[in-house]
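Notes for the one structure printed next.
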Amino acid sequence: MAFAYAASVMSVDIVLGLQRGDEGKGRFVDLLAARYDVVARFNGGPNAGHTIAREGAETLKLHQVPSGIAHPNVVSVVGNGALVDPLKLWAEIRDIERGGIEVSPASLKVSADAHMILPHHISQDEIREAGSGSQGTTKSGIPYVARDKYERCGLRLEQLLDDPAAVRGHVQTRLSDVNPARKAAGLPEHNAEAEARVWLEVAKKIIPFVTDTFTYIHEALAKDQRLLAEGAQATLLDIEHGMYPFVTSSHTTTGGALNGLGIGPQQFKRVIGVAKVLKSHVGGGPFVTKETDPIKAATIRGQKGSVDSEYGATTGRERQVGYLDLPELRRAILVNGITEIALTKMDLLPRAGKTIPVAVSYTHKGHKLPVAPSSAAKLAVCKPVYKKLPAWSEDISTIRDYKQLPKATRQFIEFLEDQLTVPVTMIGVGPYRDQVIVR
């Protein structure tokens with residue numbers, strides 16, 4: 001039989017984070033999604049969260065399902081590079097449906113090649129977080145499913161389809177295996193047989209969504225359909241290029257998209273990097289531009305529960321906050337081949353005060369660094385060199401024309417473009433879908 005499809009050149013765009021996560025990627029994917037046929041998630045698991053504020057509707061909080069799910073004519077794909085928790089995915093599907101959005105196997109496709117987060121992975125995470133080796137994780141089992149994946153002893157979703165009884169047996173055995181460590185950590189032990197049985201009953205509910213996403217994607221591209229790749233977390237959490245060891249266990253960059261969807265680099269057209277102008281920091285590790293004054297930090301963070309506040313979408317944890325860091329953005333731009341930048345929270349930038357500090361470089365042991373190192377040990381002794389730019393007092397949340405922005409706002413944006421040599425094409429001036437200036 002003849003080869004049925006061929007690679008379509010430059011039909012894939014990608015949106016990913018340039019900082020430490022929570023930049024607001026989901027809202028830009030949501031904004032752009034209507035122009036695409038497929039929106040595909042390529043990495044991460046339920047430890048990531050994307051929040052989509054919908055005018056007149058309940059805010060949509062997504063963790064494993066791509067942000068394109070809010071658009072009825074868009075197919076959402078969870079690629080092979082994602083780490084899937086079947087129970088949490090089923091719960092998320094139900095939550096989305098309760099928000100008035102239909103989710104079906106036609107609108108959501110999950111790769112059969114994606115590795116499953118199993119109950120013992122979560123249990124192992126809980127054990128570590130209860131001890132001296134705690135890393136402040138979401139206890140979603142991510143490091144342990146990643147370890148099994150690379151030790152070649154993990155289970156993929158295909159096995160849930162092919163031999164669910166064997167999967168159940170595996171879960172039961174591994175839950176029994178972790179009981180001694182749980183007892184030592186002061187955690188309740190598992191009833192392995194009962195928990196494995198209940199787990200499988202729920203896990204099987206996602207089977208209709210599981211399919212060969214590699215073939216689906218390439219057949220779609222051969223039909224000249226357009227695909228938007230959506231990254232979870234952000235560049236500085238990448239296992240290779242992030243702030244090691246304070247990183248996640250997957251590839252969050254454009255390289256991760258190639259592997260996580262099974263596409264070639266010639267298919268990329270736009271590589272859109274999202275940056276938040278008042279930076280937040282997720283997880284442990286150094287934060288070079290952190291605001292250390294608790295009153296100023298609270299002002300920047302905003303009120304908990306509001307759609308634009310700085311609290312984790314998955315954990316609800318208070319985030320560290322600070323100022324825009326150009327050395328880390330330069331690194332992220334180089335790693336990802338960024339072609340354009342989208343800025344979020346421009347409307348909230350005056351929270352920083354009458355002048356806005358922007359780190360233009362670092363000093364490290366007497367040397368000037370224009371590009372951030374990836375080593376957490378080096379970053380811990382870096383000091384920011386700030387340029388202070390004037391703020392503005394006007395409310396910009398209703399502005400949709402760049403030329404109508406206050407002069408100080410435009411000067412801030414153009415300063416960033418000059419420093420980073422990448423155009424700013426989208427500017428978020430509020431949390432909702434239409435609160436974006438497109439240049």
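Residue names in the structure tokens use chain letters A, B, ... in the order shown, residue numbers from 1 in each chain, and ligand numbers from 1 in the order shown.
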I'd like a table as CSV: residues in stretch 152-218 of chain A with an atom no more than 12 Å from stretch 33-48 of chain A, each row giving the shortest atom pair and its distance in Å to one decimal, only C-alpha atoms counted, sorted by chain and rising residue number.
residue,atom,partner,partner_atom,distance
A:Thr213,CA,A:Ala40,CA,9.6
A:Phe214,CA,A:Ala40,CA,11.0
A:Tyr216,CA,A:Val38,CA,10.1
A:Ile217,CA,A:Val38,CA,8.2
A:His218,CA,A:Val38,CA,11.2
Report task. Would you list the contacts of stretch 377-387 of chain A as a ChimeraX atom specification, taking every protein, DNA or RNA residue within 12 Å and counting only C-alpha atoms, but skipping same-chain residues closer than 3 positions in sequence? Result -> /A:236,242-246,284-291,322-328,355-374,390,412,415-416,419
Restrict the selected residues to N, CA and C atoms and save them as a short mmCIF file (atom, residue, chain, number, x, y, z; two decimals), in the first residue's frame.
data_model
loop_
_atom_site.label_atom_id
_atom_site.label_comp_id
_atom_site.auth_asym_id
_atom_site.auth_seq_id
_atom_site.Cartn_x
_atom_site.Cartn_y
_atom_site.Cartn_z
N LEU A 236 12.03 27.33 32.08
CA LEU A 236 12.96 27.19 33.19
C LEU A 236 12.62 26.04 34.13
N GLY A 242 16.26 23.80 32.14
CA GLY A 242 15.71 24.57 33.25
C GLY A 242 16.71 24.78 34.37
N MET A 243 16.21 25.32 35.49
CA MET A 243 17.03 25.68 36.64
C MET A 243 17.26 24.43 37.49
N TYR A 244 18.09 23.56 36.99
CA TYR A 244 18.33 22.27 37.63
C TYR A 244 18.98 22.45 39.00
N PRO A 245 18.54 21.73 40.03
CA PRO A 245 17.59 20.61 40.02
C PRO A 245 16.13 21.00 40.28
N PHE A 246 15.85 22.29 40.30
CA PHE A 246 14.48 22.74 40.60
C PHE A 246 13.66 22.81 39.32
N GLY A 284 10.72 25.32 44.28
CA GLY A 284 11.90 25.76 45.00
C GLY A 284 12.94 26.38 44.10
N GLY A 285 14.07 26.73 44.70
CA GLY A 285 15.17 27.29 43.94
C GLY A 285 15.26 28.80 44.02
N PRO A 286 16.37 29.36 43.55
CA PRO A 286 16.60 30.81 43.65
C PRO A 286 15.66 31.60 42.74
N PHE A 287 15.38 32.82 43.15
CA PHE A 287 14.51 33.74 42.42
C PHE A 287 15.25 35.08 42.42
N VAL A 288 15.98 35.33 41.34
CA VAL A 288 16.91 36.46 41.31
C VAL A 288 16.20 37.80 41.48
N THR A 289 15.01 37.95 40.91
CA THR A 289 14.32 39.24 40.94
C THR A 289 13.14 39.24 41.92
N LYS A 290 13.23 38.43 42.95
CA LYS A 290 12.15 38.32 43.93
C LYS A 290 11.96 39.62 44.70
N GLU A 291 10.69 39.98 44.92
CA GLU A 291 10.36 41.09 45.81
C GLU A 291 10.32 40.54 47.23
N GLY A 322 7.86 38.81 41.78
CA GLY A 322 8.96 39.75 41.59
C GLY A 322 8.88 40.41 40.23
N TYR A 323 10.04 40.72 39.67
CA TYR A 323 10.09 41.60 38.52
C TYR A 323 10.63 40.89 37.27
N LEU A 324 10.35 41.49 36.14
CA LEU A 324 10.73 40.92 34.85
C LEU A 324 12.24 40.74 34.78
N ASP A 325 12.65 39.60 34.27
CA ASP A 325 14.04 39.17 34.28
C ASP A 325 14.47 38.91 32.84
N LEU A 326 15.17 39.87 32.24
CA LEU A 326 15.55 39.74 30.83
C LEU A 326 16.64 38.69 30.61
N PRO A 327 17.60 38.49 31.50
CA PRO A 327 18.57 37.40 31.27
C PRO A 327 17.91 36.03 31.11
N GLU A 328 16.89 35.73 31.94
CA GLU A 328 16.24 34.43 31.78
C GLU A 328 15.39 34.38 30.52
N THR A 355 7.68 53.45 39.67
CA THR A 355 8.67 53.00 38.68
C THR A 355 8.70 51.49 38.69
N ILE A 356 9.03 50.91 37.54
CA ILE A 356 8.98 49.46 37.35
C ILE A 356 10.39 48.93 37.16
N PRO A 357 10.91 48.14 38.12
CA PRO A 357 12.24 47.56 37.93
C PRO A 357 12.22 46.44 36.91
N VAL A 358 13.19 46.44 36.00
CA VAL A 358 13.39 45.36 35.03
C VAL A 358 14.86 44.97 35.08
N ALA A 359 15.13 43.68 35.34
CA ALA A 359 16.51 43.21 35.38
C ALA A 359 17.03 43.08 33.95
N VAL A 360 18.06 43.86 33.60
CA VAL A 360 18.61 43.83 32.24
C VAL A 360 19.82 42.92 32.14
N SER A 361 20.44 42.60 33.28
CA SER A 361 21.57 41.68 33.32
C SER A 361 21.78 41.23 34.76
N TYR A 362 22.73 40.31 34.96
CA TYR A 362 23.13 39.88 36.30
C TYR A 362 24.59 40.24 36.52
N THR A 363 24.99 40.26 37.78
CA THR A 363 26.40 40.19 38.12
C THR A 363 26.62 38.86 38.85
N HIS A 364 27.70 38.19 38.46
CA HIS A 364 28.03 36.89 39.06
C HIS A 364 29.52 36.86 39.33
N LYS A 365 29.88 36.96 40.61
CA LYS A 365 31.28 36.95 41.04
C LYS A 365 32.10 37.99 40.28
N GLY A 366 31.53 39.18 40.17
CA GLY A 366 32.23 40.29 39.54
C GLY A 366 32.10 40.38 38.04
N HIS A 367 31.41 39.41 37.42
CA HIS A 367 31.25 39.41 35.97
C HIS A 367 29.80 39.74 35.59
N LYS A 368 29.63 40.41 34.48
CA LYS A 368 28.30 40.73 33.97
C LYS A 368 27.79 39.58 33.11
N LEU A 369 26.55 39.16 33.36
CA LEU A 369 25.94 38.08 32.60
C LEU A 369 24.69 38.60 31.91
N PRO A 370 24.67 38.70 30.57
CA PRO A 370 23.44 39.12 29.88
C PRO A 370 22.43 38.00 29.72
N VAL A 371 22.91 36.74 29.81
CA VAL A 371 22.05 35.57 29.67
C VAL A 371 22.15 34.74 30.95
N ALA A 372 21.02 34.30 31.47
CA ALA A 372 20.99 33.56 32.73
C ALA A 372 21.64 32.18 32.57
N PRO A 373 22.39 31.73 33.58
CA PRO A 373 22.84 30.34 33.59
C PRO A 373 21.66 29.43 33.94
N SER A 374 21.80 28.14 33.67
CA SER A 374 20.74 27.21 34.02
C SER A 374 20.93 26.61 35.40
N PRO A 390 9.35 54.17 33.90
CA PRO A 390 8.18 54.84 34.48
C PRO A 390 6.92 54.00 34.35
N PHE A 412 7.57 50.95 27.64
CA PHE A 412 7.96 49.71 28.33
C PHE A 412 8.04 48.56 27.33
N PHE A 415 10.93 49.01 24.89
CA PHE A 415 12.20 48.75 25.57
C PHE A 415 12.49 47.25 25.59
N LEU A 416 11.47 46.45 25.89
CA LEU A 416 11.65 44.99 25.90
C LEU A 416 12.02 44.48 24.51
N GLN A 419 15.62 45.23 23.82
CA GLN A 419 16.53 44.42 24.62
C GLN A 419 16.57 42.96 24.17
#
Query raised in the report: Between A:Asp418, A:Glu102, A:Asp85, A:Asp148, which one has atoms that come closest to A:Ser249, using only C-alpha atoms?
Result: A:Asp148
Query raised in the report: How far is it from atom CA of A:Leu161 to atom CA of A:Ala192, in Å with one decimal?
Result: 21.7 Å
Report task. Find the residues around stretch 301-310 of chain A up to 10 Å (only C-alpha atoms counted), leave out those fewer than 3 positions away in its own chain, and share them as a ChimeraX atom specification. Result -> /A:22,24,51-53,59,278-281,295-298,313,316-322,345,348,351,430-432
Please write the residues from the selection above to a file, keeping N, CA and C atoms, as a PDB file, in the first residue's frame.
ATOM      1  N   ASP A  22       2.966  29.468  34.904  1.00  0.00           N
ATOM      2  CA  ASP A  22       1.875  30.372  35.281  1.00  0.00           C
ATOM      3  C   ASP A  22       1.967  31.729  34.597  1.00  0.00           C
ATOM      4  N   GLY A  24       0.288  32.482  31.941  1.00  0.00           N
ATOM      5  CA  GLY A  24      -0.977  32.767  31.278  1.00  0.00           C
ATOM      6  C   GLY A  24      -1.042  32.198  29.877  1.00  0.00           C
ATOM      7  N   THR A  51      -5.572  28.226  33.435  1.00  0.00           N
ATOM      8  CA  THR A  51      -6.842  28.845  33.807  1.00  0.00           C
ATOM      9  C   THR A  51      -7.344  29.682  32.648  1.00  0.00           C
ATOM     10  N   ILE A  52      -8.590  29.446  32.239  1.00  0.00           N
ATOM     11  CA  ILE A  52      -9.209  30.212  31.161  1.00  0.00           C
ATOM     12  C   ILE A  52     -10.416  30.945  31.730  1.00  0.00           C
ATOM     13  N   ALA A  53     -10.327  32.269  31.760  1.00  0.00           N
ATOM     14  CA  ALA A  53     -11.440  33.087  32.246  1.00  0.00           C
ATOM     15  C   ALA A  53     -12.412  33.316  31.103  1.00  0.00           C
ATOM     16  N   THR A  59     -15.094  30.120  35.347  1.00  0.00           N
ATOM     17  CA  THR A  59     -13.692  30.001  34.956  1.00  0.00           C
ATOM     18  C   THR A  59     -13.340  28.529  34.755  1.00  0.00           C
ATOM     19  N   LEU A 278       4.875  40.898  35.556  1.00  0.00           N
ATOM     20  CA  LEU A 278       5.160  40.782  36.979  1.00  0.00           C
ATOM     21  C   LEU A 278       5.356  39.300  37.239  1.00  0.00           C
ATOM     22  N   LYS A 279       6.580  38.899  37.420  1.00  0.00           N
ATOM     23  CA  LYS A 279       6.961  37.494  37.387  1.00  0.00           C
ATOM     24  C   LYS A 279       6.556  36.771  38.667  1.00  0.00           C
ATOM     25  N   SER A 280       6.166  35.509  38.517  1.00  0.00           N
ATOM     26  CA  SER A 280       5.945  34.653  39.678  1.00  0.00           C
ATOM     27  C   SER A 280       6.875  33.454  39.582  1.00  0.00           C
ATOM     28  N   HIS A 281       7.038  32.789  40.712  1.00  0.00           N
ATOM     29  CA  HIS A 281       8.004  31.706  40.804  1.00  0.00           C
ATOM     30  C   HIS A 281       7.332  30.495  41.438  1.00  0.00           C
ATOM     31  N   ILE A 295       4.900  43.433  52.114  1.00  0.00           N
ATOM     32  CA  ILE A 295       3.770  44.304  51.761  1.00  0.00           C
ATOM     33  C   ILE A 295       3.720  44.531  50.251  1.00  0.00           C
ATOM     34  N   LYS A 296       4.866  44.832  49.656  1.00  0.00           N
ATOM     35  CA  LYS A 296       4.916  45.010  48.204  1.00  0.00           C
ATOM     36  C   LYS A 296       4.564  43.710  47.488  1.00  0.00           C
ATOM     37  N   ALA A 297       5.068  42.587  48.023  1.00  0.00           N
ATOM     38  CA  ALA A 297       4.783  41.292  47.403  1.00  0.00           C
ATOM     39  C   ALA A 297       3.293  40.991  47.451  1.00  0.00           C
ATOM     40  N   ALA A 298       2.648  41.293  48.565  1.00  0.00           N
ATOM     41  CA  ALA A 298       1.205  41.058  48.682  1.00  0.00           C
ATOM     42  C   ALA A 298       0.431  41.908  47.689  1.00  0.00           C
ATOM     43  N   ALA A 313      -2.910  27.331  40.248  1.00  0.00           N
ATOM     44  CA  ALA A 313      -4.174  26.810  39.727  1.00  0.00           C
ATOM     45  C   ALA A 313      -4.408  25.375  40.184  1.00  0.00           C
ATOM     46  N   GLY A 316      -3.245  25.902  44.745  1.00  0.00           N
ATOM     47  CA  GLY A 316      -3.749  27.002  45.561  1.00  0.00           C
ATOM     48  C   GLY A 316      -2.664  27.662  46.395  1.00  0.00           C
ATOM     49  N   ARG A 317      -1.401  27.265  46.183  1.00  0.00           N
ATOM     50  CA  ARG A 317      -0.307  27.807  46.984  1.00  0.00           C
ATOM     51  C   ARG A 317       0.009  29.249  46.602  1.00  0.00           C
ATOM     52  N   GLU A 318       0.389  30.035  47.594  1.00  0.00           N
ATOM     53  CA  GLU A 318       0.840  31.407  47.390  1.00  0.00           C
ATOM     54  C   GLU A 318       2.148  31.381  46.609  1.00  0.00           C
ATOM     55  N   ARG A 319       2.217  32.141  45.511  1.00  0.00           N
ATOM     56  CA  ARG A 319       3.433  32.168  44.707  1.00  0.00           C
ATOM     57  C   ARG A 319       4.363  33.287  45.147  1.00  0.00           C
ATOM     58  N   GLN A 320       5.652  33.042  45.011  1.00  0.00           N
ATOM     59  CA  GLN A 320       6.617  34.125  45.149  1.00  0.00           C
ATOM     60  C   GLN A 320       6.470  35.034  43.922  1.00  0.00           C
ATOM     61  N   VAL A 321       6.663  36.321  44.117  1.00  0.00           N
ATOM     62  CA  VAL A 321       6.494  37.268  43.014  1.00  0.00           C
ATOM     63  C   VAL A 321       7.687  38.226  42.963  1.00  0.00           C
ATOM     64  N   GLY A 322       7.864  38.809  41.782  1.00  0.00           N
ATOM     65  CA  GLY A 322       8.962  39.748  41.591  1.00  0.00           C
ATOM     66  C   GLY A 322       8.879  40.412  40.235  1.00  0.00           C
ATOM     67  N   LYS A 345      -0.638  40.381  31.857  1.00  0.00           N
ATOM     68  CA  LYS A 345      -0.795  41.198  33.061  1.00  0.00           C
ATOM     69  C   LYS A 345      -0.235  42.613  32.916  1.00  0.00           C
ATOM     70  N   LEU A 348      -1.802  45.092  35.206  1.00  0.00           N
ATOM     71  CA  LEU A 348      -1.477  45.049  36.628  1.00  0.00           C
ATOM     72  C   LEU A 348      -0.071  45.544  36.932  1.00  0.00           C
ATOM     73  N   ARG A 351       1.070  47.888  39.785  1.00  0.00           N
ATOM     74  CA  ARG A 351       1.173  47.396  41.159  1.00  0.00           C
ATOM     75  C   ARG A 351       2.610  47.465  41.676  1.00  0.00           C
ATOM     76  N   GLY A 430      -5.936  42.157  30.581  1.00  0.00           N
ATOM     77  CA  GLY A 430      -6.976  41.654  31.468  1.00  0.00           C
ATOM     78  C   GLY A 430      -7.050  40.153  31.327  1.00  0.00           C
ATOM     79  N   PRO A 431      -7.801  39.482  32.190  1.00  0.00           N
ATOM     80  CA  PRO A 431      -7.808  38.018  32.178  1.00  0.00           C
ATOM     81  C   PRO A 431      -8.697  37.371  31.135  1.00  0.00           C
ATOM     82  N   TYR A 432      -9.590  38.129  30.499  1.00  0.00           N
ATOM     83  CA  TYR A 432     -10.595  37.519  29.622  1.00  0.00           C
ATOM     84  C   TYR A 432     -10.125  37.438  28.167  1.00  0.00           C
TER      85      TYR A 432
END
Report task. Identify, on the basis of only C-alpha atoms, every residue whose closest approach to A:Val424 does not exceed 8 Å; exclude the query and any residue fewer than 5 positions from it along the same chain; express the result as an MDAnalysis selection string. Result -> chainID A and resid 340:343 413 417 439
Report task. Apply DSSP to the structure's backbone, then extract all residues of stretch 194-386 of chain A labelled strand (DSSP E or B) and return them as number ranges by chain. Result -> A: 210-211, 227-230, 244, 268-276, 280-281, 290, 311, 318, 320-322, 325, 340-344, 355-364, 367-369, 375, 383-386
How would the residues just picked look written out with N, CA and C atoms as a compact mmCIF listing (two decimals), in the first residue's frame?
# COMPACT_ATOMS: atom_id res chain seq x y z
N VAL A 210 -8.86 7.10 24.19
CA VAL A 210 -7.48 6.70 23.93
C VAL A 210 -7.35 6.20 22.49
N THR A 211 -6.34 6.73 21.78
CA THR A 211 -6.20 6.39 20.36
C THR A 211 -4.76 6.62 19.91
N LEU A 227 -2.33 23.02 13.29
CA LEU A 227 -2.18 22.50 14.64
C LEU A 227 -1.50 23.53 15.51
N LEU A 228 -2.04 23.72 16.70
CA LEU A 228 -1.42 24.58 17.71
C LEU A 228 -0.94 23.69 18.85
N ALA A 229 0.36 23.70 19.09
CA ALA A 229 0.93 22.89 20.17
C ALA A 229 0.97 23.73 21.45
N GLU A 230 0.52 23.13 22.54
CA GLU A 230 0.41 23.82 23.82
C GLU A 230 1.36 23.20 24.83
N TYR A 244 18.09 23.56 36.99
CA TYR A 244 18.33 22.27 37.63
C TYR A 244 18.98 22.45 39.00
N PHE A 268 7.25 23.65 12.16
CA PHE A 268 6.98 24.83 12.97
C PHE A 268 6.98 26.10 12.14
N LYS A 269 6.03 26.98 12.42
CA LYS A 269 5.98 28.28 11.77
C LYS A 269 6.14 29.38 12.81
N ARG A 270 5.15 29.53 13.68
CA ARG A 270 5.22 30.52 14.76
C ARG A 270 5.60 29.82 16.06
N VAL A 271 6.55 30.40 16.77
CA VAL A 271 6.93 29.91 18.09
C VAL A 271 6.70 31.06 19.06
N ILE A 272 5.58 31.01 19.76
CA ILE A 272 5.13 32.12 20.58
C ILE A 272 5.50 31.87 22.03
N GLY A 273 6.32 32.75 22.58
CA GLY A 273 6.71 32.64 23.97
C GLY A 273 5.89 33.59 24.82
N VAL A 274 5.37 33.08 25.93
CA VAL A 274 4.53 33.89 26.82
C VAL A 274 5.33 34.27 28.06
N ALA A 275 5.29 35.56 28.38
CA ALA A 275 5.99 36.06 29.57
C ALA A 275 5.05 36.95 30.36
N LYS A 276 5.16 36.84 31.66
CA LYS A 276 4.35 37.66 32.57
C LYS A 276 5.22 38.82 33.04
N SER A 280 6.17 35.51 38.52
CA SER A 280 5.95 34.65 39.68
C SER A 280 6.88 33.45 39.58
N HIS A 281 7.04 32.79 40.71
CA HIS A 281 8.00 31.71 40.80
C HIS A 281 7.33 30.50 41.44
N LYS A 290 13.23 38.43 42.95
CA LYS A 290 12.15 38.32 43.93
C LYS A 290 11.96 39.62 44.70
N TYR A 311 -1.82 32.70 42.81
CA TYR A 311 -1.93 31.48 43.60
C TYR A 311 -2.04 30.31 42.62
N GLU A 318 0.39 30.03 47.59
CA GLU A 318 0.84 31.41 47.39
C GLU A 318 2.15 31.38 46.61
N GLN A 320 5.65 33.04 45.01
CA GLN A 320 6.62 34.12 45.15
C GLN A 320 6.47 35.03 43.92
N VAL A 321 6.66 36.32 44.12
CA VAL A 321 6.49 37.27 43.01
C VAL A 321 7.69 38.23 42.96
N GLY A 322 7.86 38.81 41.78
CA GLY A 322 8.96 39.75 41.59
C GLY A 322 8.88 40.41 40.23
N ASP A 325 12.65 39.60 34.27
CA ASP A 325 14.04 39.17 34.28
C ASP A 325 14.47 38.91 32.84
N GLU A 340 8.11 35.27 18.39
CA GLU A 340 7.31 36.40 18.87
C GLU A 340 6.97 36.18 20.34
N ILE A 341 6.65 37.28 21.01
CA ILE A 341 6.38 37.23 22.44
C ILE A 341 4.97 37.75 22.72
N ALA A 342 4.30 37.08 23.64
CA ALA A 342 3.02 37.55 24.17
C ALA A 342 3.23 37.91 25.64
N LEU A 343 2.79 39.10 26.02
CA LEU A 343 2.94 39.57 27.39
C LEU A 343 1.61 39.47 28.12
N THR A 344 1.65 39.08 29.38
CA THR A 344 0.43 39.04 30.18
C THR A 344 0.53 39.99 31.36
N THR A 355 7.68 53.45 39.67
CA THR A 355 8.67 53.00 38.68
C THR A 355 8.70 51.49 38.69
N ILE A 356 9.03 50.91 37.54
CA ILE A 356 8.98 49.46 37.35
C ILE A 356 10.39 48.93 37.16
N PRO A 357 10.91 48.14 38.12
CA PRO A 357 12.24 47.56 37.93
C PRO A 357 12.22 46.44 36.91
N VAL A 358 13.19 46.44 36.00
CA VAL A 358 13.39 45.36 35.03
C VAL A 358 14.86 44.97 35.08
N ALA A 359 15.13 43.68 35.34
CA ALA A 359 16.51 43.21 35.38
C ALA A 359 17.03 43.08 33.95
N VAL A 360 18.06 43.86 33.60
CA VAL A 360 18.61 43.83 32.24
C VAL A 360 19.82 42.92 32.14
N SER A 361 20.44 42.60 33.28
CA SER A 361 21.57 41.68 33.32
C SER A 361 21.78 41.23 34.76
N TYR A 362 22.73 40.31 34.96
CA TYR A 362 23.13 39.88 36.30
C TYR A 362 24.59 40.24 36.52
N THR A 363 24.99 40.26 37.78
CA THR A 363 26.40 40.19 38.12
C THR A 363 26.62 38.86 38.85
N HIS A 364 27.70 38.19 38.46
CA HIS A 364 28.03 36.89 39.06
C HIS A 364 29.52 36.86 39.33
N HIS A 367 31.41 39.41 37.42
CA HIS A 367 31.25 39.41 35.97
C HIS A 367 29.80 39.74 35.59
N LYS A 368 29.63 40.41 34.48
CA LYS A 368 28.30 40.73 33.97
C LYS A 368 27.79 39.58 33.11
N LEU A 369 26.55 39.16 33.36
CA LEU A 369 25.94 38.08 32.60
C LEU A 369 24.69 38.60 31.91
N SER A 375 22.13 26.70 35.93
CA SER A 375 22.45 26.09 37.22
C SER A 375 21.83 26.88 38.37
N LYS A 383 23.18 38.53 41.12
CA LYS A 383 22.48 39.74 41.56
C LYS A 383 21.92 40.45 40.34
N PRO A 384 20.67 40.94 40.42
CA PRO A 384 20.10 41.62 39.27
C PRO A 384 20.63 43.04 39.10
N VAL A 385 20.80 43.44 37.86
CA VAL A 385 21.10 44.84 37.53
C VAL A 385 19.82 45.42 36.94
N TYR A 386 19.21 46.36 37.65
CA TYR A 386 17.90 46.86 37.28
C TYR A 386 17.96 48.14 36.46
Requested in this report: Work out how far atom CA of A:His241 is from atom CA of A:Ala376, in Å to one decimal.
Outcome: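 Atom CA of A:Ala376 sits 11.3 Å away from atom CA of A:His241.
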Requested in this report: Find, counting only C-alpha atoms, the residue in A:Asp177, A:Pro208, A:Leu261, A:Leu118 that gets nearest to A:Val78.
Outcome: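 Of all the options, A:Leu261 lies closest to A:Val78.
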Report task. Compile the contact shell of A:Pro164 as a VMD selection string: residues with an atom at most 12 Å away, counting only C-alpha atoms, same-chain residues fewer than 2 positions apart removed. Result -> chain A and resid 155 to 162 166 to 171 196 to 197 199 to 205 207
Query raised in the report: Looking at only C-alpha atoms, which of A:Glu58, A:Glu23, A:Asp30, A:Asp13 is the one that sits closest to A:Ala234?
Result: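 Closest to A:Ala234 of all the choices is A:Glu23.
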Report task. From a DSSP calculation on the backbone, collect every residue of stretch 216-330 of chain A in helix (DSSP H, G or I) and output the set as a ChimeraX atom specification. Result -> /A:216-222,235-237,254-261,265-267,294-301,326-330
